[in-house]
Amino acid sequence: MELTPLEPWIKAKLGTTATGAELRKEIDRHQLHKFRETVDYVRARSPFYRDIFDGIQGPDLQSLGDIASLPFTTAEDIQENALRFLCVSRDEIARVVTLNTSGTTALAKRIHFTGEDLELTTDLFHHGMKALVRPGGKVLILMPSDRYGTVGDLMVRALKRMDVQGIPHGIVLDSGKAIAEIVEKRVDCIIGIPVQVLGLVRHENALAIPKGMIRSVLLSADYVPAAIVREIESAWGCMIFNHYGMTEMGLGAAVDCRALQGYHIREADLLFEIIDPDSGQPVADGAVGEVVFTTLTRKGMPLVRYRTGDMSRFMPEPCPCGTVLKRLEWVKGRLHGGVRLVGGTNLTVADLDEALFPLPGLRNFRVEITGDGKTDVVLVTLYRGENPAAGMCEQAAKMLEAIPAIRAAADSRSLTIAPIRTSSENWITTGSIKRKIIDSREER
């Protein structure tokens with residue numbers, strides 16, 4: 001099994017030739033050292049951290065375990081205090097990314113990057129993509145690419161360093177056009193949002209892509225349902241890699257190796273923790289909890305102990321690739337990603353993904369919950385292709401009824417499923433806002 005390319009990259013960044021257990025110790029020492037530096041750096045330069053780290057100094061932290069004593073940073077903190085996080089002058093900021101939330105009244109988050117910060121991400125893309133593509137390859141990038149510092153722009157720069165052609169297509173607005181570009185340019189790797197890549201596989205022109213031409217796909221920017229992975233693998237016979245990252249992390253954080261059994265983290269630049277979301281205390285390796293991260297090398301807007309709301313766990317078993325890097329299980333949901341139904345059960349997007357995406361011809365779906373406080377009503381719209389399978393709505397109803405949360409609520413007569421609708425209208429997702437269940441009961 002080929003070793004993850006992140007390990008030799010991280011070794012070079014640390015300037016070490018250590019291997020095995022000694023390398024793991026070197027990484028831990030590096031992370032503690034950089035964490036201490038980061039605490040002192042933000043306390044000296046960031047008005048926000050100057051306040052909450054009053055009296056705390058880097059040397060006070062004697063071990064990685066001491067980090068748990070420091071306060072968290074939250075999304076609300078950034079929404080309300082974005083400029084107070086800055087550690088450089090605004091003239092030194094090369095890129096600002098605005099993240100709008102799916103709520104109607106919540107403030108947007110604005111994340112600031114210096115040119116040096118963006119180079120860190122480009123460097124990650126350069127080395128992480130070595131697991132997917134070889135020199136001379138062609139990569140179609142179905143991500144925002146229209147301006148400096150976007151994911152697509154940085155990826156094109158990164159691929160050029162490894163003699164790979166990055167082809168910036170952008171968000172898929174026309175699946176047929178994207179397929180034509182894949183065929184015309186003999187693309188052998190695709191980077192995209194899960195539901196958009198599924199849209200290519202299920203398009204009426206999908207057979208124009210010869211099986212075996214696409215050798216690898218990197219899915220990113222949203223959670224990756226197993227049903228979508230199976231569909232892409234079946235159609236193209238390629239390897240499906242998962243990437244985990246957030247804009248707050250610097251656009252990139254962790255990626256699969258060729259074992260395809262969990263993400264490896266850019267541990268020279270990020271420190272990850274898994275905490276109990278209720279107590280805020282660290283959980284044992286192997287236990288599921290909330291992902292928390294600290295940026296260790298960012299200059300413009302470093303973040304310390306940022307709560308992501310994503311749920312995952314460190315996988316204690318050795319990775320088949322043989323690396324000593326930590327392995328994070330694929331993120332499948334968020335701490336507050338579900339909807340509590342009247343009957344007391346919790347319905348999640350992951351439940352719906354695994355139930356509905358196996359439907360032939362389905363490209364995406366929209367789920368809304370309404371109700372009068374006594375009975376919930378589930379409203380489902382299926383976004384279908386040009387030639388939907390017969391009986392799609394009837395099949396979807398059966399699949400919904402088999403979801404344990406819905407079945408339990410229906411059995412207690414606290415939930416009904418409204419007649420399912422289909423639509424062929426253009427469904428666009430940028431990935432900046434994760435797919436979610438729309439809970440209209442809150443608006444009432």
# chains A, B, ... in the order shown; residues from 1 in each chain; ligands from 1
>>> residues_around(residues="Gly15 (chain A)", least_positions_apart="6", cutoff="12 Å", atoms="only C-alpha atoms", output="MDAnalysis selection string")
chainID A and resid 8:9 23 26:27 30 268
>>> residues_around(residues="region 300-305 of chain A", least_positions_apart="2", cutoff="6 Å", atoms="only C-alpha atoms", output="list in words")
Phe72, Thr73, Phe85, Leu86, Cys87, Val88, His112, Phe113, Thr114, Val292, Phe293, Thr294, Thr295 and Arg298 of chain A
>>> write_last_selection(atoms="N, CA and C atoms", output="short mmCIF file (atom, residue, chain, number, x, y, z; two decimals), in the first residue's frame")
data_model
loop_
_atom_site.label_atom_id
_atom_site.label_comp_id
_atom_site.auth_asym_id
_atom_site.auth_seq_id
_atom_site.Cartn_x
_atom_site.Cartn_y
_atom_site.Cartn_z
N PHE A 72 -12.78 28.03 24.02
CA PHE A 72 -13.04 27.74 22.62
C PHE A 72 -13.31 29.03 21.85
N THR A 73 -13.18 28.93 20.52
CA THR A 73 -13.64 29.95 19.59
C THR A 73 -14.82 29.36 18.84
N PHE A 85 -10.27 39.60 15.08
CA PHE A 85 -9.41 38.42 14.98
C PHE A 85 -8.14 38.70 14.20
N LEU A 86 -8.13 39.78 13.41
CA LEU A 86 -7.00 40.04 12.52
C LEU A 86 -5.72 40.28 13.31
N CYS A 87 -4.63 39.68 12.81
CA CYS A 87 -3.32 39.84 13.43
C CYS A 87 -2.36 40.61 12.55
N VAL A 88 -2.85 41.08 11.42
CA VAL A 88 -2.04 41.90 10.50
C VAL A 88 -2.90 43.08 10.07
N HIS A 112 -10.32 35.92 6.70
CA HIS A 112 -9.27 36.70 6.04
C HIS A 112 -8.00 35.89 5.88
N PHE A 113 -7.35 36.04 4.71
CA PHE A 113 -6.11 35.32 4.43
C PHE A 113 -5.06 36.27 3.87
N THR A 114 -3.82 36.09 4.30
CA THR A 114 -2.70 36.76 3.66
C THR A 114 -2.25 35.90 2.49
N VAL A 292 -12.58 19.91 16.80
CA VAL A 292 -12.08 21.24 17.17
C VAL A 292 -10.69 21.37 16.56
N PHE A 293 -10.36 22.55 16.03
CA PHE A 293 -9.03 22.70 15.44
C PHE A 293 -8.40 24.03 15.84
N THR A 294 -7.07 24.04 15.76
CA THR A 294 -6.28 25.26 15.94
C THR A 294 -5.35 25.39 14.75
N THR A 295 -5.28 26.59 14.15
CA THR A 295 -4.32 26.84 13.08
C THR A 295 -2.97 27.13 13.72
N ARG A 298 -0.94 30.04 10.52
CA ARG A 298 -1.64 31.14 9.84
C ARG A 298 -1.19 32.48 10.42
#
>>> closest_atom_pairs(of="region 325-383 of chain A", to="region 240-245 of chain A", cutoff="10 Å", atoms="only C-alpha atoms", output="tab-separated table")
residue	atom	partner	partner_atom	distance
A:Leu328	CA	A:Tyr244	CA	9.4
A:Trp330	CA	A:Asn242	CA	7.7
A:Val331	CA	A:Tyr244	CA	7.7
>>> write_last_selection(atoms="C-alpha atoms", output="mmCIF file, in the first residue's frame")
data_model
loop_
_atom_site.group_PDB
_atom_site.id
_atom_site.type_symbol
_atom_site.label_atom_id
_atom_site.label_comp_id
_atom_site.auth_asym_id
_atom_site.auth_seq_id
_atom_site.Cartn_x
_atom_site.Cartn_y
_atom_site.Cartn_z
ATOM 1 C CA LEU A 328 -9.878 10.990 11.134
ATOM 2 C CA TRP A 330 -15.073 10.504 7.445
ATOM 3 C CA VAL A 331 -17.356 13.233 8.725
#
>>> closest_residue(among="A:Ile275, A:Leu61, A:Ala178, A:Ile228", to="Asp353 (chain A)", atoms="only C-alpha atoms")
A:Ile228
>>> atom_distance(atom1="CA of Ser89 (chain A)", atom2="CA of Pro47 (chain A)")
12.5 Å
>>> residues_around(residues="Cys321 (chain A)", least_positions_apart="5", cutoff="9 Å", atoms="only C-alpha atoms", output="PDB file with all heavy atoms, in the first residue's frame")
ATOM      1  N   MET A   1       0.847  -1.196   0.000  1.00  0.00           N
ATOM      2  CA  MET A   1       0.000   0.000   0.000  1.00  0.00           C
ATOM      3  C   MET A   1       0.888   1.254   0.000  1.00  0.00           C
ATOM      4  O   MET A   1       1.835   1.355   0.766  1.00  0.00           O
ATOM      5  CB  MET A   1      -0.898   0.002   1.245  1.00  0.00           C
ATOM      6  CG  MET A   1      -1.765   1.243   1.418  1.00  0.00           C
ATOM      7  SD  MET A   1      -2.927   1.507   0.070  1.00  0.00           S
ATOM      8  CE  MET A   1      -3.972   0.080   0.269  1.00  0.00           C
ATOM      9  N   GLU A   2       0.580   2.171  -0.885  1.00  0.00           N
ATOM     10  CA  GLU A   2       1.357   3.405  -1.028  1.00  0.00           C
ATOM     11  C   GLU A   2       1.143   4.328   0.170  1.00  0.00           C
ATOM     12  O   GLU A   2       0.014   4.596   0.569  1.00  0.00           O
ATOM     13  CB  GLU A   2       0.925   4.091  -2.324  1.00  0.00           C
ATOM     14  CG  GLU A   2       1.692   5.354  -2.668  1.00  0.00           C
ATOM     15  CD  GLU A   2       1.230   5.944  -3.990  1.00  0.00           C
ATOM     16  OE1 GLU A   2       1.058   5.162  -4.952  1.00  0.00           O
ATOM     17  OE2 GLU A   2       1.016   7.165  -4.047  1.00  0.00           O
ATOM     18  N   LEU A   3       2.230   4.818   0.752  1.00  0.00           N
ATOM     19  CA  LEU A   3       2.174   5.722   1.899  1.00  0.00           C
ATOM     20  C   LEU A   3       1.512   7.039   1.508  1.00  0.00           C
ATOM     21  O   LEU A   3       1.724   7.539   0.394  1.00  0.00           O
ATOM     22  CB  LEU A   3       3.594   5.988   2.400  1.00  0.00           C
ATOM     23  CG  LEU A   3       3.756   6.921   3.608  1.00  0.00           C
ATOM     24  CD1 LEU A   3       3.272   6.242   4.883  1.00  0.00           C
ATOM     25  CD2 LEU A   3       5.217   7.353   3.755  1.00  0.00           C
ATOM     26  N   THR A   4       0.705   7.608   2.407  1.00  0.00           N
ATOM     27  CA  THR A   4       0.126   8.918   2.120  1.00  0.00           C
ATOM     28  C   THR A   4       1.224   9.929   1.805  1.00  0.00           C
ATOM     29  O   THR A   4       2.242  10.006   2.521  1.00  0.00           O
ATOM     30  CB  THR A   4      -0.707   9.438   3.309  1.00  0.00           C
ATOM     31  OG1 THR A   4      -1.084  10.807   3.037  1.00  0.00           O
ATOM     32  CG2 THR A   4       0.066   9.412   4.616  1.00  0.00           C
ATOM     33  N   CYS A 257      -5.790   8.781   1.918  1.00  0.00           N
ATOM     34  CA  CYS A 257      -4.696   8.163   1.179  1.00  0.00           C
ATOM     35  C   CYS A 257      -5.318   7.097   0.269  1.00  0.00           C
ATOM     36  O   CYS A 257      -6.544   6.970   0.202  1.00  0.00           O
ATOM     37  CB  CYS A 257      -3.680   7.545   2.132  1.00  0.00           C
ATOM     38  SG  CYS A 257      -4.329   6.136   3.071  1.00  0.00           S
ATOM     39  N   ARG A 258      -4.498   6.311  -0.402  1.00  0.00           N
ATOM     40  CA  ARG A 258      -5.024   5.338  -1.353  1.00  0.00           C
ATOM     41  C   ARG A 258      -5.684   4.139  -0.678  1.00  0.00           C
ATOM     42  O   ARG A 258      -6.340   3.331  -1.334  1.00  0.00           O
ATOM     43  CB  ARG A 258      -3.923   4.886  -2.317  1.00  0.00           C
ATOM     44  CG  ARG A 258      -3.465   6.025  -3.238  1.00  0.00           C
ATOM     45  CD  ARG A 258      -2.435   5.559  -4.250  1.00  0.00           C
ATOM     46  NE  ARG A 258      -3.009   4.717  -5.284  1.00  0.00           N
ATOM     47  CZ  ARG A 258      -3.595   5.167  -6.401  1.00  0.00           C
ATOM     48  NH1 ARG A 258      -3.724   6.473  -6.601  1.00  0.00           N
ATOM     49  NH2 ARG A 258      -4.062   4.330  -7.293  1.00  0.00           N
ATOM     50  N   ALA A 259      -5.565   4.058   0.662  1.00  0.00           N
ATOM     51  CA  ALA A 259      -6.311   3.030   1.385  1.00  0.00           C
ATOM     52  C   ALA A 259      -7.792   3.371   1.457  1.00  0.00           C
ATOM     53  O   ALA A 259      -8.626   2.480   1.661  1.00  0.00           O
ATOM     54  CB  ALA A 259      -5.748   2.868   2.799  1.00  0.00           C
TER      55      ALA A 259
END
>>> closest_residue(among="A:Gly237, A:Leu415, A:Ala68, A:Arg147", to="Glu273 (chain A)", atoms="only C-alpha atoms")
A:Ala68
>>> closest_residue(among="A:Met162, A:Ala402, A:Val367, A:Ile67", to="Gln281 (chain A)", atoms="only C-alpha atoms")
A:Ile67
>>> residues_around(residues="Arg50 (chain A)", least_positions_apart="5", cutoff="12 Å", atoms="only C-alpha atoms", output="count of residues only")
14
>>> residues_around(residues="Glu386 (chain A)", least_positions_apart="2", cutoff="9 Å", atoms="only C-alpha atoms", output="JSON, numbers by chain")
{"A": [203, 204, 361, 384, 388, 424]}
>>> write_last_selection(atoms="C-alpha atoms", output="CSV table (one decimal), in the first residue's frame")
chain,number,residue,atom,x,y,z
A,203,HIS,CA,-27.0,12.6,-17.0
A,204,GLU,CA,-28.5,11.3,-20.2
A,361,GLY,CA,-32.2,9.0,-11.8
A,384,ARG,CA,-34.6,14.3,-11.3
A,388,PRO,CA,-36.7,9.8,-14.5
A,424,SER,CA,-36.4,19.0,-13.3
>>> residues_around(residues="Ala287 (chain A)", least_positions_apart="6", cutoff="10 Å", atoms="only C-alpha atoms", output="list in words")
Ile274, Ile275, Asp276, Ser312, Arg313, Phe314, Met315 and Pro316 of chain A
